[in-house]
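Visitor: One structure follows; several queries about it will come next.
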Amino acid sequence: MTTSNSLYRYRQIKSAIALSLATVATVIGLIFLVWILWTTLINGIEALSPRLLTEMTPPPGEDGGLANAFMGSLMIVVMAVVLGTPIGILAGTYLSEYSRGKKIGDLVRFVNDILLSAPSIIIGLFVYELVVRQSGRFSGYAGGIALGFIFLPVVVRTTDEMLRLVPDVMREAALSLGIPRWKVTVHVLYRAASAGILTGVLLAVARISGETAPLLFTALNNQYWSTDMSGPMANIPVVIFQYAMSPYDEWHTLAWAGAFVMTAIVLLLSVGSRIILSRRGK
Amino acid sequence: MSQVLASQRAESVGVKRRHGATGDMVFSAIVLCCGMFVLIALLAATFSMGWGGLLAFRTFGLEFIYGTEWDPVAQKFAGLVPIYGTLVTSALAMIIGVPISLGIAVFVTEVAPRWARGPIGGAIELLAGIPSIIYGMWGLFTFAPFMSDYIQPVLIDWLGPLPLVGALFSGIPMGIGMLTSGIVLAIMIIPYIASVMRDVFLVVPAQLKESAYALGSTKWEVVRDIVIPHTRTAVVGGIFLGLGRALGETMAVTFVLGNTHNIAISLMEPGNSIAAAIANEFTEADTDLYLSSLIGLGFILFVVTFIVLAAAKLMLLRIARQKGE
């Protein structure tokens with residue numbers, strides 16, 4: 001009796017220890033989350049000033065702003081969105097509507113998932129070979145294309161998933177009216193899945209807004225105001241990288257300001273779109 | 001006679017072509033092209049990087065992988081040091097990150113009160129949303145000083161004198177280095193691994209767990225003997241997914257690894273990784289051979305992550321099929 005009782009207690013204690021360790025692991029994860037966000041917030045708010053939006057990136061040792069970098073980032077991201085959205089939505093449509101039961105569709109989905117997690121610096125190297133080396137110079141266009149390649153798989157994936165959530169009854173009802181398939185896709189399915197597809201695009205924008213590695217050797221950097229996308233362009237992530245790695249305090253402050261603004265935008269976009277997505281999933 | 005009928009029939013079918021057939025053909029062709037674009041993108045990336053690294057592979061042959069010399073002045077490039085750094089930091093990230101991820105997944109699915117599960121899971125996933133350069137800045141300005149002030153001296157004092165293991169923990173507490181990079185990488189991959197584990201843990205049939213509870217199992221025994229064995233493949237898939245991320249992560253590692261061309265046994269020493277070497281040196285590469293060597297390293301990284309991610313995907317597909325049934 002006593003032995004079985006002690007065995008039972010031993011098992012209970014073991015279980016309690018294991019579950020406490022699981023709790024500790026979660027606490028560790030949450031501590032790091034709060035720590036990182038807190039560091040960014042404290043250093044960022046201290047560094048915020050209206051000059052960020054009015055002045056250019058300064059030379060070492062001087063005060064300045066990030067106006068040219070914000071502008072450059074905006075233009076590069078817009079270019080990526082303009083390139084990636086139509087291709088992404090159409091490729092997602094192919095996966096969901098036109099490749100059902102075909103092996104090739106599974107292959108494309110597989111490759112897309114790999115592109116989704118592929119190291120972003122690899123995409124930078126690829127676009128360097130594809131665009132920068134061919135055209136002979138670093139350019140905002142190359143940066144936009146690089147971000148476009150990171151943007152694309154996110155949109156393909158969400159479009160595919162969202163379209164598959166549309167009930168088949170809707171397709172059958174529309175087709176039975178004699179409406180051609182492409183019209184069914186464009187006017188019925190896209191409309192039914194539009195909120196989901198849009199949040200997918202927002203999620204992808206959040207993903208590329210903080211990407212640094214692919215811009216290092218495509219858009220490069222530019223100390224001056226430039227809206228010419230055929231030349232090197234300043235952008236927030238690369239400026240943060242350059243300034244944070246430098247030994248100058250003024251540059252560190254600017255890097256934190258940029259980091260704070262960028263993190264705020266990225267997290268708002270990704271949290272917002274995730275909330276909308278999870279509501280639709282229910 | 002029958003031929004005439006057949007051709008007439010064909011004609012009449014031709015006349016009564018389905019309304020909108022042209023539009024359908026055009027649209028499905030466009031859609032097909034976009035779908036194939038994804039395939040072509042991957043092929044083109046592989047090809048262009050293989051092409052870009054060709055000069056380095058040709059010049060140095062196999063030595064490019066096992067040699068340690070990286071000397072831009074003498075134009076000698078061999079990649080063992082960054083390859084070693086990538087492998088060691090990723091291994092550290094897995095050793096630290098996998099148990100924590102498992103703990104989080106168990107906590108969120110088994111321990112936490114029902115109302116807290118969604119918010120806690122969401123908070124952990126928020127870690128995945130933070131841009132990697134922020135991890136880098138936090139690592140360099142906040143975490144590395146913390147490591148050199150509090151953690152590394154303790155490790156060096158306690159573990160340094162031990163035989164064998166001691167070599168890993170000897171040196172000066174500099175803050176930046178392999179260990180710090182490994183920890184930062186671990187934090188970055190935790191959300192990916194934990195969310196895969198949580199999702200698959202939720203797929204375990206309730207009957208299985210209830211039968212085990214009915215036989216008198218404790219909660220931990222149910223997790224260890226029912227939940228984990230049932231989801232083993234997908235759990236490994238999730239771990240591989242995290243490994244794929246860790247291998248290719250660039251910005252965070254570039255900040256805290258130290259960018260030193262150095263192979264050291266001690267985890268306190270700075271080093272270099274493939275991604276960090278490319279990020280730091282690419283714009284400085286002034287000769288074709290230098291550039292080609294960096295792209296060659298990128299090609300090696302690409303091939304390795306591709307294999308890891310493909311394996312992850314295949315393992316996760318299996319559980320997805322189970323879910324579908």
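To be explicit about the labels: the chains of the structure tokens are called A, B, and onward in the order shown, and within each one the residues are counted from 1, while ligands get numbers from 1 in the order they are shown.
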I want to know what sits within 6 Å of segment 24-37 of chain A, based on only C-alpha atoms, with residues of the same chain fewer than 2 positions away left out; could you give that as a VMD selection string?
Guide: (chain A and resid 21 to 22 39 to 40) or (chain B and resid 100 103 to 104)
Visitor: Could you write those residues out with all heavy atoms, as a PDB file, in the first residue's frame?
Guide:
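Written out: selection.pdb:
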```pdb
ATOM      1  N   LEU A  21       8.099  23.595 -15.217  1.00  0.00           N
ATOM      2  CA  LEU A  21       9.135  23.959 -16.182  1.00  0.00           C
ATOM      3  C   LEU A  21       8.505  24.567 -17.430  1.00  0.00           C
ATOM      4  O   LEU A  21       9.025  25.529 -17.993  1.00  0.00           O
ATOM      5  CB  LEU A  21       9.979  22.732 -16.546  1.00  0.00           C
ATOM      6  CG  LEU A  21      10.978  22.286 -15.481  1.00  0.00           C
ATOM      7  CD1 LEU A  21      11.712  21.031 -15.943  1.00  0.00           C
ATOM      8  CD2 LEU A  21      11.987  23.399 -15.195  1.00  0.00           C
ATOM      9  N   ALA A  22       7.371  23.999 -17.870  1.00  0.00           N
ATOM     10  CA  ALA A  22       6.684  24.545 -19.035  1.00  0.00           C
ATOM     11  C   ALA A  22       6.250  25.978 -18.760  1.00  0.00           C
ATOM     12  O   ALA A  22       6.371  26.859 -19.624  1.00  0.00           O
ATOM     13  CB  ALA A  22       5.469  23.685 -19.382  1.00  0.00           C
ATOM     14  N   THR A  39      12.954  48.050 -24.476  1.00  0.00           N
ATOM     15  CA  THR A  39      14.191  48.706 -24.920  1.00  0.00           C
ATOM     16  C   THR A  39      13.923  49.608 -26.120  1.00  0.00           C
ATOM     17  O   THR A  39      14.365  50.761 -26.167  1.00  0.00           O
ATOM     18  CB  THR A  39      15.245  47.647 -25.322  1.00  0.00           C
ATOM     19  OG1 THR A  39      15.365  46.715 -24.263  1.00  0.00           O
ATOM     20  CG2 THR A  39      16.581  48.284 -25.594  1.00  0.00           C
ATOM     21  N   THR A  40      13.187  49.069 -27.082  1.00  0.00           N
ATOM     22  CA  THR A  40      12.907  49.845 -28.289  1.00  0.00           C
ATOM     23  C   THR A  40      12.070  51.077 -27.953  1.00  0.00           C
ATOM     24  O   THR A  40      12.320  52.178 -28.446  1.00  0.00           O
ATOM     25  CB  THR A  40      12.153  48.972 -29.311  1.00  0.00           C
ATOM     26  OG1 THR A  40      12.789  47.711 -29.380  1.00  0.00           O
ATOM     27  CG2 THR A  40      12.146  49.610 -30.668  1.00  0.00           C
TER      28      THR A  40
ATOM     29  N   ILE B 100      12.528  25.340 -24.741  1.00  0.00           N
ATOM     30  CA  ILE B 100      11.653  26.448 -24.349  1.00  0.00           C
ATOM     31  C   ILE B 100      10.378  26.436 -25.196  1.00  0.00           C
ATOM     32  O   ILE B 100       9.271  26.606 -24.687  1.00  0.00           O
ATOM     33  CB  ILE B 100      12.398  27.798 -24.465  1.00  0.00           C
ATOM     34  CG1 ILE B 100      13.544  27.826 -23.454  1.00  0.00           C
ATOM     35  CG2 ILE B 100      11.449  28.970 -24.231  1.00  0.00           C
ATOM     36  CD1 ILE B 100      14.304  29.117 -23.404  1.00  0.00           C
ATOM     37  N   GLY B 103       8.162  23.754 -23.981  1.00  0.00           N
ATOM     38  CA  GLY B 103       7.525  24.178 -22.747  1.00  0.00           C
ATOM     39  C   GLY B 103       6.362  25.118 -23.012  1.00  0.00           C
ATOM     40  O   GLY B 103       5.272  24.965 -22.442  1.00  0.00           O
ATOM     41  N   ILE B 104       6.590  26.082 -23.914  1.00  0.00           N
ATOM     42  CA  ILE B 104       5.529  27.041 -24.213  1.00  0.00           C
ATOM     43  C   ILE B 104       4.326  26.333 -24.821  1.00  0.00           C
ATOM     44  O   ILE B 104       3.176  26.570 -24.439  1.00  0.00           O
ATOM     45  CB  ILE B 104       6.060  28.136 -25.168  1.00  0.00           C
ATOM     46  CG1 ILE B 104       7.070  29.010 -24.428  1.00  0.00           C
ATOM     47  CG2 ILE B 104       4.914  28.987 -25.706  1.00  0.00           C
ATOM     48  CD1 ILE B 104       7.789  30.003 -25.298  1.00  0.00           C
TER      49      ILE B 104
END
```
Visitor: Please tabulate, as a tab-separated table, the residues of chain A that come within 6 Å of chain B, each with its closest pair of atoms and the distance in Å to one decimal, counting only C-alpha atoms and ordering rows by chain, then residue number upward.
Guide:
```
residue	atom	partner	partner_atom	distance
A:Ser15	CA	B:Trp220	CA	4.7
A:Ala22	CA	B:Gly103	CA	3.8
A:Thr23	CA	B:Phe107	CA	5.8
A:Ala25	CA	B:Ile100	CA	4.9
A:Thr26	CA	B:Ile104	CA	4.8
A:Ile87	CA	B:Cys34	CA	5.6
A:Leu90	CA	B:Val31	CA	5.2
A:Ala91	CA	B:Gly35	CA	4.2
A:Tyr94	CA	B:Val31	CA	5.3
A:Pro119	CA	B:Gly248	CA	4.7
A:Phe126	CA	B:Ala45	CA	5.3
A:Pro180	CA	B:Gly20	CA	5.3
A:Trp182	CA	B:Asp24	CA	5.3
A:Gly210	CA	B:Pro131	CA	5.0
```
Visitor: Got time to write the residues from that selection, N, CA, C and O atoms, as a JSON list (two decimals), in the first residue's frame?
Guide:
```
[["chain", "number", "residue", "atom", "x", "y", "z"],
["A", 15, "SER", "N", 5.11, 15.13, -12.50],
["A", 15, "SER", "CA", 4.22, 15.88, -13.39],
["A", 15, "SER", "C", 4.22, 17.35, -13.02],
["A", 15, "SER", "O", 4.29, 18.23, -13.89],
["A", 22, "ALA", "N", 7.37, 24.00, -17.87],
["A", 22, "ALA", "CA", 6.68, 24.55, -19.04],
["A", 22, "ALA", "C", 6.25, 25.98, -18.76],
["A", 22, "ALA", "O", 6.37, 26.86, -19.62],
["A", 23, "THR", "N", 5.78, 26.22, -17.53],
["A", 23, "THR", "CA", 5.37, 27.58, -17.17],
["A", 23, "THR", "C", 6.57, 28.52, -17.18],
["A", 23, "THR", "O", 6.49, 29.64, -17.70],
["A", 25, "ALA", "N", 9.24, 28.21, -18.96],
["A", 25, "ALA", "CA", 9.61, 28.45, -20.36],
["A", 25, "ALA", "C", 8.76, 29.57, -20.94],
["A", 25, "ALA", "O", 9.26, 30.47, -21.63],
["A", 26, "THR", "N", 7.46, 29.53, -20.64],
["A", 26, "THR", "CA", 6.57, 30.56, -21.17],
["A", 26, "THR", "C", 6.93, 31.93, -20.59],
["A", 26, "THR", "O", 6.98, 32.94, -21.32],
["A", 87, "ILE", "N", 0.68, 39.56, -59.12],
["A", 87, "ILE", "CA", 1.25, 38.23, -59.38],
["A", 87, "ILE", "C", 0.88, 37.28, -58.25],
["A", 87, "ILE", "O", 0.49, 36.13, -58.48],
["A", 90, "LEU", "N", -2.88, 36.31, -58.39],
["A", 90, "LEU", "CA", -3.16, 35.41, -59.51],
["A", 90, "LEU", "C", -2.54, 34.03, -59.28],
["A", 90, "LEU", "O", -3.15, 33.00, -59.58],
["A", 91, "ALA", "N", -1.33, 34.00, -58.71],
["A", 91, "ALA", "CA", -0.70, 32.70, -58.44],
["A", 91, "ALA", "C", -1.50, 31.95, -57.37],
["A", 91, "ALA", "O", -1.68, 30.73, -57.46],
["A", 94, "TYR", "N", -4.39, 30.49, -59.02],
["A", 94, "TYR", "CA", -4.01, 29.27, -59.74],
["A", 94, "TYR", "C", -4.01, 28.08, -58.79],
["A", 94, "TYR", "O", -4.57, 27.03, -59.09],
["A", 119, "PRO", "N", 16.00, 32.33, -46.39],
["A", 119, "PRO", "CA", 16.72, 33.47, -45.82],
["A", 119, "PRO", "C", 16.63, 34.69, -46.74],
["A", 119, "PRO", "O", 16.86, 34.57, -47.94],
["A", 126, "PHE", "N", 20.29, 37.16, -54.92],
["A", 126, "PHE", "CA", 19.65, 36.81, -56.19],
["A", 126, "PHE", "C", 19.33, 38.07, -57.00],
["A", 126, "PHE", "O", 19.68, 38.17, -58.18],
["A", 180, "PRO", "N", -19.10, 32.38, -67.24],
["A", 180, "PRO", "CA", -17.78, 31.78, -67.48],
["A", 180, "PRO", "C", -16.93, 31.77, -66.20],
["A", 180, "PRO", "O", -17.11, 32.61, -65.33],
["A", 182, "TRP", "N", -13.86, 32.46, -65.47],
["A", 182, "TRP", "CA", -13.01, 33.58, -65.04],
["A", 182, "TRP", "C", -13.85, 34.67, -64.40],
["A", 182, "TRP", "O", -13.41, 35.32, -63.46],
["A", 210, "GLY", "N", 10.23, 45.69, -42.42],
["A", 210, "GLY", "CA", 11.36, 45.63, -41.52],
["A", 210, "GLY", "C", 12.56, 44.91, -42.11],
["A", 210, "GLY", "O", 13.57, 44.75, -41.46]]
```
Visitor: So how far away is atom CA of Leu185 of chain B from atom CA of Ala93 of chain B, in Å?
Guide: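 Calculated distance between atom CA of Ala93 of chain B and atom CA of Leu185 of chain B is 5.4 Å.
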Visitor: Would you return as a PDB file with C-alpha atoms, in the first residue's frame the members of segment 10-222 of chain B that DSSP assigns to strand (DSSP E) on this structure's backbone?
Guide:
```pdb
ATOM      1  CA  TRP B  70      39.876  34.367 -45.773  1.00  0.00           C
ATOM      2  CA  ASP B  71      42.279  36.999 -46.953  1.00  0.00           C
ATOM      3  CA  LYS B  76      42.478  33.684 -50.927  1.00  0.00           C
ATOM      4  CA  PHE B  77      38.983  32.755 -49.868  1.00  0.00           C
TER       5      PHE B  77
END
```
Visitor: Can you list, as a count of residues only, every protein, DNA or RNA residue that comes within 12 Å of Asp63 of chain A when you count only C-alpha atoms, leaving out same-chain residues fewer than 3 positions away?
Guide: 19
Visitor: Rank B:Ile274, B:Leu267, B:Ala252, B:Ala186 by their smallest atom-to-atom distance to Thr212 of chain A, using only C-alpha atoms, and report the top residue only.
Guide: B:Ala252
Visitor: Please report the interatomic distance between atom CA of Pro173 of chain B and atom CA of Pro153 of chain B in Å with one decimal.
Guide: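 Taking atom CA of Pro173 of chain B as the start and atom CA of Pro153 of chain B as the end point, the length is 6.0 Å.
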